[in-house]
file data.cif (mmCIF, C-alpha atoms)
data_run
loop_
_atom_site.group_PDB
_atom_site.id
_atom_site.type_symbol
_atom_site.label_atom_id
_atom_site.label_comp_id
_atom_site.auth_asym_id
_atom_site.auth_seq_id
_atom_site.Cartn_x
_atom_site.Cartn_y
_atom_site.Cartn_z
ATOM 1 C CA MET A 1 7.576 -43.454 30.717
ATOM 2 C CA SER A 2 6.648 -39.798 30.207
ATOM 3 C CA SER A 3 7.141 -38.061 26.864
ATOM 4 C CA LEU A 4 9.911 -35.912 28.416
ATOM 5 C CA GLU A 5 11.781 -39.033 29.589
ATOM 6 C CA LEU A 6 11.305 -40.604 26.145
ATOM 7 C CA GLN A 7 12.721 -37.478 24.456
ATOM 8 C CA LYS A 8 15.746 -37.531 26.795
ATOM 9 C CA GLN A 9 16.317 -41.221 26.019
ATOM 10 C CA ASN A 10 16.142 -40.579 22.252
ATOM 11 C CA VAL A 11 18.598 -37.656 22.519
ATOM 12 C CA ALA A 12 20.976 -39.794 24.592
ATOM 13 C CA GLN A 13 20.760 -42.670 22.097
ATOM 14 C CA GLU A 14 21.361 -40.388 19.115
ATOM 15 C CA SER A 15 24.361 -38.746 20.750
ATOM 16 C CA ALA A 16 25.750 -42.197 21.513
ATOM 17 C CA GLY A 17 25.223 -43.230 17.884
ATOM 18 C CA LEU A 18 22.301 -45.466 18.775
ATOM 19 C CA GLY A 19 19.600 -43.769 16.707
ATOM 20 C CA ASN A 20 18.083 -47.125 15.769
ATOM 21 C CA ALA A 21 18.077 -48.479 19.321
ATOM 22 C CA GLY A 22 14.796 -50.155 20.136
ATOM 23 C CA ARG A 23 13.830 -50.560 16.486
ATOM 24 C CA LYS A 24 13.466 -54.006 15.027
ATOM 25 C CA ARG A 25 16.256 -54.775 12.549
ATOM 26 C CA LYS A 26 16.093 -57.578 10.059
ATOM 27 C CA ARG A 27 18.907 -60.048 10.651
ATOM 28 C CA SER A 28 21.221 -61.004 7.820
ATOM 29 C CA ILE A 29 23.305 -63.995 6.846
ATOM 30 C CA SER A 30 25.437 -64.485 3.745
ATOM 31 C CA GLN A 31 24.340 -66.840 0.988
ATOM 32 C CA GLU A 32 27.675 -68.633 1.327
ATOM 33 C CA LYS A 33 27.247 -69.274 5.077
ATOM 34 C CA LEU A 34 23.628 -70.302 4.589
ATOM 35 C CA ARG A 35 24.517 -72.832 1.886
ATOM 36 C CA GLU A 36 27.312 -74.202 4.063
ATOM 37 C CA LEU A 37 24.871 -74.970 6.900
ATOM 38 C CA LEU A 38 21.581 -75.758 5.180
ATOM 39 C CA TYR A 39 20.173 -77.310 2.018
ATOM 40 C CA TYR A 40 17.044 -75.744 0.493
ATOM 41 C CA ASP A 41 14.757 -77.604 -1.907
ATOM 42 C CA SER A 42 13.172 -74.815 -3.952
ATOM 43 C CA CYS A 43 10.409 -77.127 -5.253
ATOM 44 C CA THR A 44 9.138 -78.056 -1.782
ATOM 45 C CA GLY A 45 10.324 -74.989 0.134
ATOM 46 C CA ILE A 46 11.913 -77.204 2.796
ATOM 47 C CA PHE A 47 15.290 -76.672 4.470
ATOM 48 C CA THR A 48 17.427 -79.486 5.906
ATOM 49 C CA TRP A 49 20.709 -79.426 7.805
ATOM 50 C CA ARG A 50 23.894 -80.195 5.836
ATOM 51 C CA LEU A 51 25.922 -80.796 9.029
ATOM 52 C CA ASN A 52 25.624 -82.245 12.498
ATOM 53 C CA LEU A 53 25.757 -79.270 14.846
ATOM 54 C CA GLY A 54 24.292 -80.842 17.963
ATOM 55 C CA ALA A 55 21.144 -82.502 19.232
ATOM 56 C CA ARG A 56 18.827 -80.034 17.477
ATOM 57 C CA ALA A 57 20.788 -79.737 14.238
ATOM 58 C CA VAL A 58 21.246 -83.228 12.810
ATOM 59 C CA PHE A 59 22.347 -83.928 9.223
ATOM 60 C CA GLY A 60 19.226 -84.266 7.056
ATOM 61 C CA GLY A 61 16.957 -83.039 9.833
ATOM 62 C CA ARG A 62 14.433 -80.279 9.312
ATOM 63 C CA PRO A 63 15.212 -77.116 11.279
ATOM 64 C CA GLY A 64 12.803 -74.545 12.574
ATOM 65 C CA THR A 65 9.635 -73.883 14.484
ATOM 66 C CA VAL A 66 6.427 -72.015 13.781
ATOM 67 C CA ASP A 67 6.236 -68.658 15.572
ATOM 68 C CA ARG A 68 3.128 -66.967 17.017
ATOM 69 C CA GLY A 69 2.536 -65.187 13.710
ATOM 70 C CA GLY A 70 2.350 -68.467 11.809
ATOM 71 C CA TYR A 71 5.763 -68.136 10.101
ATOM 72 C CA LEU A 72 8.533 -70.732 10.132
ATOM 73 C CA LYS A 73 11.716 -69.599 11.871
ATOM 74 C CA ILE A 74 15.147 -71.213 11.791
ATOM 75 C CA THR A 75 17.823 -70.511 14.391
ATOM 76 C CA VAL A 76 21.374 -70.310 13.064
ATOM 77 C CA ASN A 77 24.239 -69.422 15.414
ATOM 78 C CA ARG A 78 21.738 -68.398 18.111
ATOM 79 C CA LYS A 79 19.968 -65.963 15.759
ATOM 80 C CA ALA A 80 16.415 -66.589 14.574
ATOM 81 C CA PHE A 81 15.661 -66.039 10.878
ATOM 82 C CA MET A 82 12.350 -66.137 9.044
ATOM 83 C CA GLU A 83 12.474 -69.170 6.764
ATOM 84 C CA HIS A 84 11.005 -67.351 3.752
ATOM 85 C CA ARG A 85 13.784 -64.724 3.989
ATOM 86 C CA LEU A 86 16.399 -67.501 4.141
ATOM 87 C CA ALA A 87 14.853 -69.134 1.056
ATOM 88 C CA TRP A 88 15.201 -65.876 -0.876
ATOM 89 C CA ILE A 89 18.817 -65.392 0.222
ATOM 90 C CA TYR A 90 19.639 -69.047 -0.538
ATOM 91 C CA VAL A 91 18.407 -68.751 -4.135
ATOM 92 C CA TYR A 92 19.128 -65.124 -5.053
ATOM 93 C CA GLY A 93 21.626 -63.851 -2.464
ATOM 94 C CA GLY A 94 22.024 -60.138 -1.930
ATOM 95 C CA ASP A 95 20.991 -57.753 0.803
ATOM 96 C CA ILE A 96 17.248 -57.859 1.397
ATOM 97 C CA SER A 97 17.325 -56.113 4.769
ATOM 98 C CA ASN A 98 15.173 -53.214 3.484
ATOM 99 C CA SER A 99 12.657 -55.424 1.663
ATOM 100 C CA GLU A 100 9.850 -57.711 2.649
ATOM 101 C CA ILE A 101 9.180 -61.121 1.169
ATOM 102 C CA ASP A 102 5.560 -61.682 0.153
ATOM 103 C CA HIS A 103 3.906 -65.105 0.077
ATOM 104 C CA ILE A 104 1.979 -64.914 -3.202
ATOM 105 C CA ASN A 105 -0.693 -67.432 -2.165
ATOM 106 C CA GLY A 106 -0.955 -66.002 1.370
ATOM 107 C CA ASP A 107 0.171 -69.266 3.019
ATOM 108 C CA ARG A 108 2.895 -68.314 5.519
ATOM 109 C CA LEU A 109 4.159 -71.904 5.655
ATOM 110 C CA ASP A 110 4.551 -72.272 1.872
ATOM 111 C CA ASN A 111 8.173 -71.235 1.296
ATOM 112 C CA ARG A 112 8.619 -72.604 -2.219
ATOM 113 C CA ILE A 113 10.636 -70.051 -4.194
ATOM 114 C CA GLU A 114 7.860 -69.782 -6.806
ATOM 115 C CA ASN A 115 5.529 -68.590 -4.019
ATOM 116 C CA LEU A 116 7.864 -65.814 -2.832
ATOM 117 C CA ARG A 117 8.485 -62.332 -4.223
ATOM 118 C CA LEU A 118 10.143 -59.130 -3.072
ATOM 119 C CA ALA A 119 7.710 -56.461 -1.931
ATOM 120 C CA ASN A 120 7.615 -53.199 -0.070
ATOM 121 C CA ARG A 121 5.436 -52.835 3.047
ATOM 122 C CA ASN A 122 2.424 -51.535 1.098
ATOM 123 C CA GLU A 123 2.544 -54.274 -1.537
ATOM 124 C CA ASN A 124 2.846 -56.947 1.133
ATOM 125 C CA SER A 125 -0.185 -55.563 2.994
ATOM 126 C CA TRP A 126 -2.261 -55.458 -0.219
ATOM 127 C CA ASN A 127 -1.864 -59.226 -0.526
ATOM 128 C CA GLN A 128 -3.438 -59.899 2.885
ATOM 129 C CA LYS A 129 -6.551 -62.003 3.144
ATOM 130 C CA ILE A 130 -9.782 -60.629 4.577
ATOM 131 C CA LYS A 131 -9.455 -59.858 8.290
ATOM 132 C CA ALA A 132 -11.231 -62.081 10.804
ATOM 133 C CA SER A 133 -12.886 -58.983 12.275
ATOM 134 C CA ASN A 134 -14.610 -58.154 8.959
ATOM 135 C CA THR A 135 -18.379 -58.386 9.450
ATOM 136 C CA SER A 136 -19.539 -57.845 5.841
ATOM 137 C CA GLY A 137 -17.692 -60.830 4.394
ATOM 138 C CA VAL A 138 -16.243 -58.590 1.665
ATOM 139 C CA LYS A 139 -12.755 -57.116 1.903
ATOM 140 C CA GLY A 140 -12.921 -53.290 1.922
ATOM 141 C CA VAL A 141 -16.696 -53.132 2.456
ATOM 142 C CA SER A 142 -18.499 -52.211 5.678
ATOM 143 C CA TRP A 143 -21.971 -51.132 6.722
ATOM 144 C CA ASP A 144 -22.400 -47.363 7.164
ATOM 145 C CA LYS A 145 -25.168 -47.285 9.760
ATOM 146 C CA PRO A 146 -26.020 -43.529 9.620
ATOM 147 C CA ALA A 147 -26.239 -43.584 5.793
ATOM 148 C CA LYS A 148 -27.868 -47.039 5.739
ATOM 149 C CA LYS A 149 -25.612 -48.022 2.843
ATOM 150 C CA TRP A 150 -22.575 -50.188 2.189
ATOM 151 C CA ARG A 151 -19.303 -48.213 2.257
ATOM 152 C CA ALA A 152 -16.423 -49.252 -0.008
ATOM 153 C CA GLN A 153 -12.874 -48.087 0.783
ATOM 154 C CA CYS A 154 -9.332 -49.196 0.056
ATOM 155 C CA MET A 155 -5.766 -48.359 1.103
ATOM 156 C CA VAL A 156 -3.115 -47.334 -1.439
ATOM 157 C CA ASN A 157 0.376 -46.358 -0.232
ATOM 158 C CA GLY A 158 -0.803 -45.558 3.289
ATOM 159 C CA VAL A 159 -3.785 -43.464 2.188
ATOM 160 C CA LYS A 160 -7.352 -44.692 2.715
ATOM 161 C CA TYR A 161 -9.512 -43.952 -0.334
ATOM 162 C CA PHE A 162 -13.278 -43.650 -0.030
ATOM 163 C CA ILE A 163 -14.757 -45.293 -3.122
ATOM 164 C CA GLY A 164 -18.428 -44.734 -2.409
ATOM 165 C CA ARG A 165 -21.621 -45.775 -0.645
ATOM 166 C CA PHE A 166 -23.926 -48.325 -2.222
ATOM 167 C CA TYR A 167 -27.402 -49.719 -1.599
ATOM 168 C CA SER A 168 -26.300 -53.277 -2.349
ATOM 169 C CA ILE A 169 -23.284 -55.100 -1.005
ATOM 170 C CA SER A 170 -22.616 -56.587 -4.453
ATOM 171 C CA ASP A 171 -22.309 -53.093 -5.985
ATOM 172 C CA ALA A 172 -19.902 -52.069 -3.201
ATOM 173 C CA GLU A 173 -17.914 -55.279 -3.750
ATOM 174 C CA MET A 174 -17.638 -54.711 -7.515
ATOM 175 C CA ALA A 175 -16.490 -51.108 -6.945
ATOM 176 C CA VAL A 176 -13.789 -52.020 -4.414
ATOM 177 C CA ILE A 177 -12.554 -54.935 -6.553
ATOM 178 C CA SER A 178 -12.289 -52.672 -9.606
ATOM 179 C CA PHE A 179 -10.411 -50.046 -7.587
ATOM 180 C CA ARG A 180 -8.076 -52.632 -6.033
ATOM 181 C CA GLU A 181 -7.246 -54.238 -9.384
ATOM 182 C CA LYS A 182 -6.383 -50.828 -10.827
ATOM 183 C CA PHE A 183 -4.100 -49.691 -7.991
ATOM 184 C CA HIS A 184 -2.699 -52.896 -6.413
ATOM 185 C CA GLY A 185 -1.476 -54.504 -9.645
ATOM 186 C CA GLU A 186 0.145 -57.917 -9.239
ATOM 187 C CA PHE A 187 -0.342 -57.746 -5.438
ATOM 188 C CA VAL A 188 -4.136 -57.585 -5.645
ATOM 189 C CA ASN A 189 -5.979 -59.872 -3.223
ATOM 190 C CA ASN A 190 -9.748 -59.580 -3.074
ATOM 191 C CA GLY A 191 -10.256 -61.757 -0.061
#
call {"tool": "encode", "arguments": {"input": "data.cif", "output": "structure tokens"}}
result
Amino acid sequence: MSSLELQKQNVAQESAGLGNAGRKRKRSISQEKLRELLYYDSCTGIFTWRLNLGARAVFGGRPGTVDRGGYLKITVNRKAFMEHRLAWIYVYGGDISNSEIDHINGDRLDNRIENLRLANRNENSWNQKIKASNTSGVKGVSWDKPAKKWRAQCMVNGVKYFIGRFYSISDAEMAVISFREKFHGEFVNNG
């Protein structure tokens, strides 16, 4: 689709009141409805059905499947919900449609309430483990070939900060850890 066609589509959607068309919206369910259908054990992080709703929803049975991203999803009334979001709603209620839920220990399958916390997009990304594509073995550190030094950098609120270049990887690691602990607060994850 050309940029002109895309602009026309956006104008048409906005004039029809569909400004958010094509954007991913977080689904919602009330705490009351959720508690009517499911039981959540906050110590184990496991949901079970409270009712018999058919072959796939049997009283006492465990709902859900693991999606491609490694998260548990539960389908309720033909709508798929992330299990960690349902756990938060089950315990605390409220509208969390504009928030993310962070897994404190980084385990996407661990939906115990003590492992979940509200976060914004930046905070949630700070708590990510080291990427598989990292070749240095240290989060935020890479080899700067032209300078023949280790480069340390870190993201804070969408801005990449250059911390410095270092002769040793351990010096670069200490610098990026110090920076991260200062600016990422409780969401710090060094690897």
call {"tool": "residues_around", "arguments": {"input": "data.cif", "residues": "Gly61 of chain A", "least_positions_apart": "6", "cutoff": "12 Å", "atoms": "only C-alpha atoms", "output": "tab-separated table (two decimals) with C-alpha atoms, in the coordinates of the input"}}
result
chain	number	residue	atom	x	y	z
A	37	LEU	CA	24.87	-74.97	6.90
A	38	LEU	CA	21.58	-75.76	5.18
A	39	TYR	CA	20.17	-77.31	2.02
A	40	TYR	CA	17.04	-75.74	0.49
A	46	ILE	CA	11.91	-77.20	2.80
A	47	PHE	CA	15.29	-76.67	4.47
A	48	THR	CA	17.43	-79.49	5.91
A	49	TRP	CA	20.71	-79.43	7.80
A	50	ARG	CA	23.89	-80.19	5.84
A	51	LEU	CA	25.92	-80.80	9.03
A	52	ASN	CA	25.62	-82.24	12.50
A	53	LEU	CA	25.76	-79.27	14.85
A	54	GLY	CA	24.29	-80.84	17.96
A	55	ALA	CA	21.14	-82.50	19.23
call {"tool": "closest_residue", "arguments": {"input": "data.cif", "among": "A:His103, A:Arg165, A:Arg112, A:Arg85", "to": "Asn124 of chain A", "atoms": "all atoms listed in the file"}}
result
A:His103
call {"tool": "resolve_selection", "arguments": {"input": "data.cif", "expression": "the PyMOL selection byres ((chain A and resi 96) around 12)", "output": "PyMOL selection string"}}
result
chain A and resi 25-31+84-90+92-95+97-101+117-120
call {"tool": "write_last_selection", "arguments": {"input": "data.cif", "atoms": "C-alpha atoms", "output": "PDB file, in the coordinates of the input"}}
result
ATOM      1  CA  ARG A  25      16.256 -54.775  12.549  1.00  0.00           C
ATOM      2  CA  LYS A  26      16.093 -57.578  10.059  1.00  0.00           C
ATOM      3  CA  ARG A  27      18.907 -60.048  10.651  1.00  0.00           C
ATOM      4  CA  SER A  28      21.221 -61.004   7.820  1.00  0.00           C
ATOM      5  CA  ILE A  29      23.305 -63.995   6.846  1.00  0.00           C
ATOM      6  CA  SER A  30      25.437 -64.485   3.745  1.00  0.00           C
ATOM      7  CA  GLN A  31      24.340 -66.840   0.988  1.00  0.00           C
ATOM      8  CA  HIS A  84      11.005 -67.351   3.752  1.00  0.00           C
ATOM      9  CA  ARG A  85      13.784 -64.724   3.989  1.00  0.00           C
ATOM     10  CA  LEU A  86      16.399 -67.501   4.141  1.00  0.00           C
ATOM     11  CA  ALA A  87      14.853 -69.134   1.056  1.00  0.00           C
ATOM     12  CA  TRP A  88      15.201 -65.876  -0.876  1.00  0.00           C
ATOM     13  CA  ILE A  89      18.817 -65.392   0.222  1.00  0.00           C
ATOM     14  CA  TYR A  90      19.639 -69.047  -0.538  1.00  0.00           C
ATOM     15  CA  TYR A  92      19.128 -65.124  -5.053  1.00  0.00           C
ATOM     16  CA  GLY A  93      21.626 -63.851  -2.464  1.00  0.00           C
ATOM     17  CA  GLY A  94      22.024 -60.138  -1.930  1.00  0.00           C
ATOM     18  CA  ASP A  95      20.991 -57.753   0.803  1.00  0.00           C
ATOM     19  CA  SER A  97      17.325 -56.113   4.769  1.00  0.00           C
ATOM     20  CA  ASN A  98      15.173 -53.214   3.484  1.00  0.00           C
ATOM     21  CA  SER A  99      12.657 -55.424   1.663  1.00  0.00           C
ATOM     22  CA  GLU A 100       9.850 -57.711   2.649  1.00  0.00           C
ATOM     23  CA  ILE A 101       9.180 -61.121   1.169  1.00  0.00           C
ATOM     24  CA  ARG A 117       8.485 -62.332  -4.223  1.00  0.00           C
ATOM     25  CA  LEU A 118      10.143 -59.130  -3.072  1.00  0.00           C
ATOM     26  CA  ALA A 119       7.710 -56.461  -1.931  1.00  0.00           C
ATOM     27  CA  ASN A 120       7.615 -53.199  -0.070  1.00  0.00           C
TER      28      ASN A 120
END
call {"tool": "resolve_selection", "arguments": {"input": "data.cif", "expression": "the PyMOL selection byres ((chain A and resi 129) around 10)", "output": "list of chain:residue names"}}
result
A:Asn105, A:Gly106, A:Asp107, A:Ser125, A:Trp126, A:Asn127, A:Gln128, A:Ile130, A:Lys131, A:Ala132, A:Lys139, A:Asn189, A:Asn190, A:Gly191
call {"tool": "resolve_selection", "arguments": {"input": "data.cif", "expression": "the PyMOL selection byres ((chain A and resi 170) around 12)", "output": "list in words"}}
result
Ser136, Gly137, Val138, Lys139, Val141, Ser142, Lys149, Trp150, Arg151, Ala152, Arg165, Phe166, Tyr167, Ser168, Ile169, Asp171, Ala172, Glu173, Met174, Ala175, Val176 and Ile177 of chain A
call {"tool": "atom_distance", "arguments": {"input": "data.cif", "atom1": "atom CA of Lys33 of chain A", "atom2": "atom CA of Arg108 of chain A"}}
result
24.4 Å
call {"tool": "atom_distance", "arguments": {"input": "data.cif", "atom1": "atom CA of Tyr71 of chain A", "atom2": "atom CA of Asp110 of chain A"}}
result
9.3 Å
call {"tool": "closest_residue", "arguments": {"input": "data.cif", "among": "A:Ile113, A:Val76, A:Ile104, A:Val66", "to": "Val188 of chain A", "atoms": "only C-alpha atoms"}}
result
A:Ile104
call {"tool": "atom_distance", "arguments": {"input": "data.cif", "atom1": "atom CA of Gly64 of chain A", "atom2": "atom CA of Glu83 of chain A"}}
result
7.9 Å
call {"tool": "closest_residue", "arguments": {"input": "data.cif", "among": "A:Ser42, A:Thr75, A:Thr65, A:Asn157", "to": "Leu116 of chain A", "atoms": "only C-alpha atoms"}}
result
A:Ser42
call {"tool": "closest_residue", "arguments": {"input": "data.cif", "among": "A:Gly185, A:Val91, A:Phe81, A:Phe162", "to": "Arg35 of chain A", "atoms": "all atoms listed in the file"}}
result
A:Val91
call {"tool": "build_atoms", "arguments": {"input": "data.cif", "residues": "segment 157-173 of chain A", "atoms": "N, CA, C and O atoms", "output": "compact mmCIF listing (two decimals), keeping the file's coordinate frame"}}
result
# COMPACT_ATOMS: atom_id res chain seq x y z
N ASN A 157 -0.81 -47.07 -0.71
CA ASN A 157 0.38 -46.36 -0.23
C ASN A 157 0.12 -45.55 1.03
O ASN A 157 0.50 -44.39 1.15
N GLY A 158 -0.57 -46.18 1.99
CA GLY A 158 -0.80 -45.56 3.29
C GLY A 158 -1.95 -44.57 3.33
O GLY A 158 -2.21 -43.96 4.36
N VAL A 159 -2.66 -44.39 2.24
CA VAL A 159 -3.78 -43.46 2.19
C VAL A 159 -5.07 -44.27 1.99
O VAL A 159 -5.16 -45.10 1.08
N LYS A 160 -6.06 -44.01 2.85
CA LYS A 160 -7.35 -44.69 2.72
C LYS A 160 -8.22 -43.90 1.74
O LYS A 160 -8.47 -42.72 1.94
N TYR A 161 -8.67 -44.58 0.68
CA TYR A 161 -9.51 -43.95 -0.33
C TYR A 161 -10.96 -44.39 -0.14
O TYR A 161 -11.26 -45.58 -0.04
N PHE A 162 -11.85 -43.41 -0.09
CA PHE A 162 -13.28 -43.65 -0.03
C PHE A 162 -13.75 -43.83 -1.46
O PHE A 162 -13.58 -42.95 -2.30
N ILE A 163 -14.33 -44.99 -1.76
CA ILE A 163 -14.76 -45.29 -3.12
C ILE A 163 -16.22 -44.91 -3.32
O ILE A 163 -16.60 -44.42 -4.38
N GLY A 164 -17.02 -45.12 -2.30
CA GLY A 164 -18.43 -44.73 -2.41
C GLY A 164 -19.31 -45.50 -1.45
O GLY A 164 -18.85 -46.39 -0.75
N ARG A 165 -20.60 -45.08 -1.43
CA ARG A 165 -21.62 -45.78 -0.64
C ARG A 165 -22.62 -46.38 -1.62
O ARG A 165 -22.99 -45.75 -2.62
N PHE A 166 -23.09 -47.58 -1.30
CA PHE A 166 -23.93 -48.32 -2.22
C PHE A 166 -25.09 -48.96 -1.49
O PHE A 166 -24.98 -49.35 -0.33
N TYR A 167 -26.23 -49.08 -2.19
CA TYR A 167 -27.40 -49.72 -1.60
C TYR A 167 -27.22 -51.22 -1.48
O TYR A 167 -27.72 -51.83 -0.54
N SER A 168 -26.49 -51.82 -2.42
CA SER A 168 -26.30 -53.28 -2.35
C SER A 168 -24.84 -53.60 -2.07
O SER A 168 -23.93 -52.91 -2.55
N ILE A 169 -24.64 -54.67 -1.33
CA ILE A 169 -23.28 -55.10 -1.00
C ILE A 169 -22.55 -55.56 -2.27
O ILE A 169 -21.34 -55.37 -2.39
N SER A 170 -23.27 -56.12 -3.23
CA SER A 170 -22.62 -56.59 -4.45
C SER A 170 -22.09 -55.41 -5.28
O SER A 170 -21.02 -55.51 -5.90
N ASP A 171 -22.81 -54.28 -5.28
CA ASP A 171 -22.31 -53.09 -5.98
C ASP A 171 -21.06 -52.54 -5.30
O ASP A 171 -20.09 -52.14 -5.96
N ALA A 172 -21.07 -52.53 -3.96
CA ALA A 172 -19.90 -52.07 -3.20
C ALA A 172 -18.72 -52.99 -3.45
O ALA A 172 -17.58 -52.53 -3.64
N GLU A 173 -18.97 -54.30 -3.49
CA GLU A 173 -17.91 -55.28 -3.75
C GLU A 173 -17.31 -55.08 -5.13
O GLU A 173 -16.09 -55.07 -5.30
